[in-house]
Amino acid sequence: MNAENKKFFRDLLNVCAPSGHEQPAQKIYREFVEPYCDEVQNDVNGNCIAIKKGKGKRKLLISGHADEIGLMVSYIDDDGRIYFQSLGGPDLSVLNTSRVVILHGEKKIHGVICRPHYFFKKGADREKIPSLDQHWIEIGAKDKKEVEKLVSIGDVATFEPNYTALRNNTILSKATDDRTGVYVAAAVLKELAGEEIDVNLYCVASVQEETGLRGARTSAYGINPEIGLAVDVTFDSTTPGMEKKKMGEVKIGDGPVIAVGSSINPRVYGMLKDAADKAKIKYQIEPASSYTGTDIDIIQLTRAGVATGLISIPCRYMHSPSEMVSLKDLDEAAKLIAEFVRNINDDTNLIP
């Protein structure tokens, strides 16, 4: 990953933009893609859509969701403890002592998530993970009155930005789910810059995926594409505790993952594999027998139906403050999709 792209990806990860509050990430996306597309649109729900016009009539949508998991302030007790609801599905097992940023207008209030200490639990209760409502945020305030000067009911929070480079092109950060998809959509536009393509390309940084695939639903309806791709993260099945027999074998650093299953158009699946082979990109296959849990689940059902495909980035420790991905996998996903785009025209057969 070159320096410009790496800065773009790092900047995407380091903003706080949970579901329904994606605009800090969308601003970074807009600024990056503007030189590489013909037009950028923003819709009423907050989706950011970069358009590269083609010679033909067909439309291809690429969606990566800009939102990250987060929290919403729901109650402040007399001692200044801040209780919250979830935005998306944070892993309860890693919440304790996670540092967070509460967004109060333009202000950022730093704090830490706490729960009753296990020293004071007995027997089997020590092994149980407390429920969400047994966690709170501590900001160092004396009491409720002090907190209410800084924080309001309905304020949202995310894990504190923590981008860290590791060995072998891997990084740790919050929000790789799914700023990786936003990065790949933008990198596809950059990869195709200056090229003439047949298909009209719509690269969407979608909103509110973690709370119901909402941005993908409305953006796909408005664009009305014939073909739709989602770019998201998927679990690295080599992590201890994962079941390869159910999940297949997916490993971080071994290339982008092409999904196959009932939500995937067979023609699109074949063309994605052909594009990878043509571009000499190593790829992995992931079985998805039913729902994928990504934007394509709703894109496929838009209007009279869309021919869909899914490219995923292997990820470890998903929905935690320290998600791990490979920068190499991201760039190879962008090259694979760019080659796929080059091969689409008005005569491409999409009927299974």
# chains A, B, ... in the order shown; residues from 1 in each chain; ligands from 1

$ closest_atom_pairs --of "range 298-337 of chain A" --to "range 247-250 of chain A" --cutoff "10 Å" --atoms "only C-alpha atoms" --output "CSV"
residue,atom,partner,partner_atom,distance
A:Ile313,CA,A:Val250,CA,9.4
A:Pro314,CA,A:Val250,CA,6.7
A:Cys315,CA,A:Val250,CA,9.2

$ write_last_selection --atoms "N, CA and C atoms" --output "CSV table (one decimal), in the first residue's frame"
chain,number,residue,atom,x,y,z
A,313,ILE,N,-12.6,-9.3,3.3
A,313,ILE,CA,-11.2,-9.1,3.8
A,313,ILE,C,-11.1,-10.0,5.1
A,314,PRO,N,-10.2,-10.9,5.1
A,314,PRO,CA,-10.1,-11.7,6.4
A,314,PRO,C,-9.8,-10.8,7.6
A,315,CYS,N,-10.4,-11.1,8.7
A,315,CYS,CA,-10.3,-10.2,9.9
A,315,CYS,C,-10.2,-11.1,11.1

$ residues_around --residues "range 82-97 of chain A" --least-positions-apart "2" --cutoff "8 Å" --atoms "only C-alpha atoms" --output "VMD selection string"
chain A and resid 18 to 19 68 to 77 80 99 112 to 115 129 to 133 135 to 138 210 to 211 319 to 321

$ closest_residue --among "A:Asn45, A:Asn265, A:Gln208, A:Thr180" --to "Ala333 in chain A" --atoms "only C-alpha atoms"
A:Thr180

$ select_by_dssp --residues "range 88-284 of chain A" --states "strand (DSSP E or B)" --output "NGL selection string"
:A and (99-104 or 107-114 or 136-138 or 156-159 or 164-165 or 170-173 or 200-206 or 227-235 or 257-261 or 284)

$ select_by_dssp --residues "range 45-237 of chain A" --states "helix (DSSP H, G or I)" --output "ChimeraX atom specification"
/A:92-94,118-120,123-127,132-134,144-148,176-191,214-223

$ closest_residue --among "A:Gly212, A:Pro287, A:Gly270, A:Gly222" --to "Lys245 in chain A" --atoms "only C-alpha atoms"
A:Pro287
